[in-house]
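Peer 1: One structure is given below, represented as structure tokens, and several questions about it will come after.
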Amino acid sequence: LIQDDGTVTTPGFAIYYDADRYAMTEENGVTYIRQIIVLPTREELRANNEALFEGLTDEDVESKIDEILAQQKEFYASLPVCEIEIIHLPDMQPTDAAQSTRNEAVGEWESVTEVMDSELPSGYYFTASTGENWDSPREQVYFISDRQNGTFKISVRYFLEATEGHGTRFLQILHTFEVIAP
């Protein structure tokens, strides 16, 4: 929160991520880090699918490219969520926030661990999961003191098949999280 005199009265944070792969946005006071979906260009599709386009008219090639792009957009849109969500909880201690959130998660997830200590970042966390299919959701929720009687709640979300990809990258990103005093 910025006061009239320009002073900041709430803690902030710094976090580092690969800007070529991920984008950070703020939506209604919640910060998200999500994958940037990069679709091939029309030229790349044309070059990589010469055999598929052989014998087609230019108009049919363009139509086929539109179809491929639409299928790829639909595929990425159908994947489960992979994101980091950062929420500031003023006036809530990390231990209280962790236990309260864990209690809520027990009714929503098949498996929820106990709240444990976290070293990087320093605080607490628990993990939750449901299912063993490729698209089964996973979530790790961290609770870091804002050093002013509040908490940063950081939810790391991905699916089973993305554990070694986004899951690993998200944990590397999370390890860079630092609270910035007002």
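Residue numbering restarts at 1 in every chain; chains get A, B, ... in the order shown in the structure tokens, and ligands count up from 1 in that same order.
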Give me the region 82-130 of chain A side of the contact with region 160-165 of chain A, cut-off 12 Å, one line per residue showing its nearest atom pair and distance in Å at one decimal, counting only C-alpha atoms, sorted by chain and residue number, as a Markdown table.
Peer 2:
```
| residue | atom | partner | partner_atom | distance |
| --- | --- | --- | --- | --- |
| A:Cys82 | CA | A:Ala162 | CA | 8.2 |
| A:Glu83 | CA | A:Ala162 | CA | 11.2 |
| A:Ala128 | CA | A:Leu160 | CA | 11.6 |
| A:Ser129 | CA | A:Leu160 | CA | 8.9 |
| A:Thr130 | CA | A:Leu160 | CA | 9.5 |
```
Peer 1: Just the alpha helix (DSSP H) stuff from region 42-94 of chain A, please, per backbone DSSP, written as a ChimeraX atom specification.
Peer 2: /A:42-48,50-53,58-78,94
Peer 1: For Ala14 (chain A), please output as an mmCIF file with N, CA and C atoms, in the first residue's frame all residues within 7 Å (counting only C-alpha atoms; exclusion window: fewer than 6 positions along the same chain).
Peer 2:
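File part24.cif, as written:
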```cif
data_model
loop_
_atom_site.group_PDB
_atom_site.id
_atom_site.type_symbol
_atom_site.label_atom_id
_atom_site.label_comp_id
_atom_site.auth_asym_id
_atom_site.auth_seq_id
_atom_site.Cartn_x
_atom_site.Cartn_y
_atom_site.Cartn_z
ATOM 1 N N PHE A 177 12.510 -16.540 -3.798
ATOM 2 C CA PHE A 177 11.545 -15.631 -3.159
ATOM 3 C C PHE A 177 12.193 -14.928 -1.969
ATOM 4 N N GLU A 178 12.056 -13.601 -1.933
ATOM 5 C CA GLU A 178 12.570 -12.801 -0.821
ATOM 6 C C GLU A 178 11.541 -11.741 -0.451
ATOM 7 N N VAL A 179 11.340 -11.592 0.852
ATOM 8 C CA VAL A 179 10.452 -10.544 1.351
ATOM 9 C C VAL A 179 11.216 -9.224 1.327
ATOM 10 N N ILE A 180 10.531 -8.178 0.897
ATOM 11 C CA ILE A 180 11.104 -6.830 0.888
ATOM 12 C C ILE A 180 10.314 -5.983 1.874
#
```
Peer 1: Return as a short mmCIF file (atom, residue, chain, number, x, y, z; two decimals) with N, CA, C and O atoms, in the first residue's frame the full set of residues in region 26-172 of chain A whose backbone-based DSSP assignment is strand (DSSP E).
Peer 2:
```
data_model
loop_
_atom_site.label_atom_id
_atom_site.label_comp_id
_atom_site.auth_asym_id
_atom_site.auth_seq_id
_atom_site.Cartn_x
_atom_site.Cartn_y
_atom_site.Cartn_z
N GLU A 26 -0.59 -9.72 -12.29
CA GLU A 26 -1.33 -9.50 -11.06
C GLU A 26 -2.80 -9.38 -11.42
O GLU A 26 -3.17 -8.64 -12.33
N GLU A 27 -3.62 -10.14 -10.72
CA GLU A 27 -5.06 -10.15 -10.96
C GLU A 27 -5.77 -10.00 -9.62
O GLU A 27 -5.69 -10.90 -8.78
N VAL A 30 -3.67 -10.63 -6.53
CA VAL A 30 -3.00 -11.93 -6.49
C VAL A 30 -1.99 -11.97 -7.63
O VAL A 30 -2.31 -11.62 -8.77
N THR A 31 -0.77 -12.39 -7.33
CA THR A 31 0.28 -12.48 -8.33
C THR A 31 0.36 -13.91 -8.85
O THR A 31 0.33 -14.87 -8.07
N TYR A 32 0.46 -14.05 -10.17
CA TYR A 32 0.58 -15.36 -10.81
C TYR A 32 1.81 -15.40 -11.69
O TYR A 32 2.14 -14.41 -12.35
N ILE A 33 2.47 -16.55 -11.71
CA ILE A 33 3.53 -16.82 -12.66
C ILE A 33 3.06 -18.04 -13.45
O ILE A 33 2.81 -19.10 -12.88
N ARG A 34 2.92 -17.84 -14.77
CA ARG A 34 2.38 -18.90 -15.63
C ARG A 34 3.24 -19.07 -16.87
O ARG A 34 3.91 -18.13 -17.31
N GLN A 35 3.15 -20.26 -17.46
CA GLN A 35 3.90 -20.57 -18.67
C GLN A 35 3.45 -19.68 -19.82
O GLN A 35 2.26 -19.38 -19.98
N GLU A 83 1.00 -23.23 -12.43
CA GLU A 83 1.20 -21.84 -12.07
C GLU A 83 1.75 -21.73 -10.66
O GLU A 83 1.67 -22.68 -9.86
N ILE A 84 2.28 -20.57 -10.38
CA ILE A 84 2.61 -20.16 -9.02
C ILE A 84 1.65 -19.03 -8.69
O ILE A 84 1.49 -18.11 -9.48
N GLU A 85 1.02 -19.12 -7.53
CA GLU A 85 0.09 -18.08 -7.07
C GLU A 85 0.62 -17.51 -5.76
O GLU A 85 0.93 -18.28 -4.84
N ILE A 86 0.75 -16.20 -5.67
CA ILE A 86 1.28 -15.55 -4.47
C ILE A 86 0.22 -14.60 -3.93
O ILE A 86 -0.23 -13.68 -4.63
N ILE A 87 -0.17 -14.84 -2.68
CA ILE A 87 -1.19 -14.03 -2.01
C ILE A 87 -0.60 -13.50 -0.70
O ILE A 87 0.03 -14.26 0.04
N HIS A 88 -0.82 -12.24 -0.42
CA HIS A 88 -0.40 -11.68 0.86
C HIS A 88 -1.57 -11.75 1.83
O HIS A 88 -2.68 -11.32 1.52
N LEU A 89 -1.32 -12.34 3.00
CA LEU A 89 -2.34 -12.45 4.05
C LEU A 89 -1.89 -11.58 5.23
O LEU A 89 -1.14 -12.04 6.10
N SER A 111 -4.70 -36.83 -0.91
CA SER A 111 -3.54 -36.96 -0.03
C SER A 111 -3.02 -35.58 0.33
O SER A 111 -2.78 -34.75 -0.55
N VAL A 112 -2.86 -35.34 1.63
CA VAL A 112 -2.34 -34.06 2.12
C VAL A 112 -1.33 -34.38 3.22
O VAL A 112 -1.65 -35.08 4.17
N MET A 116 5.06 -28.90 7.31
CA MET A 116 6.48 -29.14 7.59
C MET A 116 7.25 -27.82 7.50
O MET A 116 6.78 -26.86 6.91
N ASP A 117 8.45 -27.82 8.08
CA ASP A 117 9.34 -26.66 7.96
C ASP A 117 9.91 -26.60 6.56
O ASP A 117 10.22 -27.62 5.95
N SER A 118 10.07 -25.38 6.05
CA SER A 118 10.68 -25.15 4.74
C SER A 118 11.94 -24.33 4.95
O SER A 118 11.93 -23.36 5.69
N GLY A 123 10.10 -20.96 6.10
CA GLY A 123 8.71 -20.91 6.52
C GLY A 123 8.15 -22.31 6.71
O GLY A 123 8.82 -23.18 7.26
N TYR A 124 6.95 -22.51 6.22
CA TYR A 124 6.26 -23.79 6.36
C TYR A 124 5.63 -24.17 5.03
O TYR A 124 5.39 -23.31 4.18
N TYR A 125 5.33 -25.46 4.88
CA TYR A 125 4.64 -25.90 3.66
C TYR A 125 3.97 -27.25 3.88
O TYR A 125 4.26 -27.96 4.85
N PHE A 126 3.07 -27.56 2.97
CA PHE A 126 2.51 -28.91 2.89
C PHE A 126 2.28 -29.21 1.41
O PHE A 126 2.26 -28.31 0.57
N THR A 127 2.12 -30.48 1.10
CA THR A 127 1.84 -30.88 -0.28
C THR A 127 0.49 -31.59 -0.33
O THR A 127 0.06 -32.19 0.65
N ALA A 128 -0.14 -31.49 -1.48
CA ALA A 128 -1.44 -32.14 -1.70
C ALA A 128 -1.46 -32.74 -3.10
O ALA A 128 -0.87 -32.18 -4.02
N SER A 129 -2.14 -33.87 -3.22
CA SER A 129 -2.25 -34.51 -4.53
C SER A 129 -3.53 -35.32 -4.61
O SER A 129 -4.09 -35.72 -3.59
N PRO A 137 -3.63 -33.61 -10.48
CA PRO A 137 -3.10 -32.36 -9.93
C PRO A 137 -2.19 -32.58 -8.71
O PRO A 137 -2.36 -33.51 -7.94
N ARG A 138 -1.24 -31.66 -8.59
CA ARG A 138 -0.30 -31.60 -7.48
C ARG A 138 -0.24 -30.16 -7.03
O ARG A 138 -0.34 -29.24 -7.83
N GLU A 139 -0.06 -29.96 -5.73
CA GLU A 139 0.07 -28.60 -5.22
C GLU A 139 0.97 -28.61 -4.00
O GLU A 139 0.86 -29.48 -3.14
N GLN A 140 1.87 -27.66 -3.94
CA GLN A 140 2.70 -27.41 -2.77
C GLN A 140 2.38 -26.00 -2.32
O GLN A 140 2.41 -25.07 -3.13
N VAL A 141 2.05 -25.86 -1.04
CA VAL A 141 1.63 -24.55 -0.54
C VAL A 141 2.61 -24.11 0.56
O VAL A 141 2.80 -24.83 1.54
N TYR A 142 3.22 -22.95 0.35
CA TYR A 142 4.23 -22.42 1.25
C TYR A 142 3.68 -21.20 1.98
O TYR A 142 2.88 -20.44 1.43
N PHE A 143 4.18 -21.01 3.22
CA PHE A 143 3.75 -19.90 4.06
C PHE A 143 4.99 -19.22 4.62
O PHE A 143 5.72 -19.81 5.42
N ILE A 144 5.24 -17.98 4.18
CA ILE A 144 6.45 -17.27 4.54
C ILE A 144 6.06 -15.98 5.27
O ILE A 144 5.20 -15.23 4.81
N SER A 145 6.71 -15.74 6.39
CA SER A 145 6.44 -14.53 7.16
C SER A 145 6.77 -13.29 6.34
O SER A 145 7.79 -13.23 5.66
N THR A 151 1.61 -12.96 6.33
CA THR A 151 2.16 -14.14 5.64
C THR A 151 2.01 -13.99 4.14
O THR A 151 1.00 -13.47 3.65
N PHE A 152 3.01 -14.47 3.42
CA PHE A 152 2.86 -14.68 1.99
C PHE A 152 2.54 -16.16 1.80
O PHE A 152 3.28 -17.03 2.25
N LYS A 153 1.41 -16.42 1.18
CA LYS A 153 0.99 -17.79 0.85
C LYS A 153 1.33 -18.00 -0.62
O LYS A 153 0.84 -17.28 -1.48
N ILE A 154 2.16 -19.01 -0.89
CA ILE A 154 2.60 -19.27 -2.26
C ILE A 154 2.17 -20.69 -2.63
O ILE A 154 2.64 -21.67 -2.05
N SER A 155 1.28 -20.80 -3.60
CA SER A 155 0.80 -22.10 -4.08
C SER A 155 1.48 -22.43 -5.39
O SER A 155 1.44 -21.64 -6.34
N VAL A 156 2.12 -23.59 -5.44
CA VAL A 156 2.82 -24.07 -6.63
C VAL A 156 1.95 -25.20 -7.19
O VAL A 156 1.80 -26.24 -6.55
N ARG A 157 1.37 -24.98 -8.38
CA ARG A 157 0.42 -25.95 -8.96
C ARG A 157 0.94 -26.50 -10.28
O ARG A 157 1.40 -25.74 -11.13
N TYR A 158 0.80 -27.81 -10.44
CA TYR A 158 1.18 -28.48 -11.68
C TYR A 158 0.49 -29.84 -11.69
O TYR A 158 -0.27 -30.16 -10.76
N PHE A 159 0.72 -30.63 -12.72
CA PHE A 159 0.12 -31.96 -12.78
C PHE A 159 1.23 -33.01 -12.83
O PHE A 159 2.39 -32.67 -13.07
#
```
Peer 1: Name the residues in contact with Ile68 (chain A) at a cut-off of 12 Å, using only C-alpha atoms, excluding same-chain residues fewer than 4 positions from it; report them as number ranges by chain.
Peer 2: A: 39-42, 44-46, 49, 52-53, 61-64, 72-75
Peer 1: As an exercise, work out the distance from CA of Ser100 (chain A) to CA of Thr25 (chain A) in Å and give it to one decimal place.
Peer 2: 26.3 Å
Peer 1: Counting only C-alpha atoms, which of A:Gln71, A:Ser136, A:Gln148, A:Ser122 gets nearest to Leu174 (chain A)?
Peer 2: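 That would be A:Ser122, the residue with the smallest distance to Leu174 (chain A).
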Peer 1: Of the candidates A:Gly150, A:Gly55, A:Pro182, A:Pro121, which shows the shortest atom-to-atom distance to Thr10 (chain A), using only C-alpha atoms?
Peer 2: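 Looking at the shortest contact to Thr10 (chain A), the residue is A:Pro182.
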Peer 1: Identify which of the residues A:Glu104, A:Asp96, A:Glu50, A:Asp146 lies closest to Phe13 (chain A), counting only C-alpha atoms when measuring atom-to-atom distances.
Peer 2: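 Checking each of A:Glu104, A:Asp96, A:Glu50, A:Asp146 against Phe13 (chain A), counting only C-alpha atoms, the winner is A:Asp146.
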Peer 1: Can you work out which one of A:His166, A:Glu114, A:Arg147, A:Ala23 has the shortest atom-to-atom distance to Val81 (chain A), counting only C-alpha atoms?
Peer 2: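 Checking each candidate against Val81 (chain A), we get A:His166 as the closest.
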Peer 1: Quick one: residues within 9 Å of His175 (chain A), only C-alpha atoms counted, chain neighbours fewer than 2 positions away excluded, as a list in words?
Peer 2: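 Non-adjacent residues within range: Ile15, Tyr16, Glu119, Leu120, Pro121, Phe170, Leu171, Gln172, Ile173, Phe177 and Glu178 of chain A.
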Peer 1: Pick the closest to Leu69 (chain A) from A:Ala105, A:Val38, A:Ala19, A:Ala181: which is it, counting only C-alpha atoms?
Peer 2: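 With only C-alpha atoms as the atom set, the closest residue is A:Val38.
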Peer 1: For a quick check of understanding, using only C-alpha atoms, which of A:Asn28, A:Trp109, A:Thr57, A:Asp135 has the smallest distance to Ser78 (chain A)?
Peer 2: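 Distance minimum relative to Ser78 (chain A) lands on A:Asp135.
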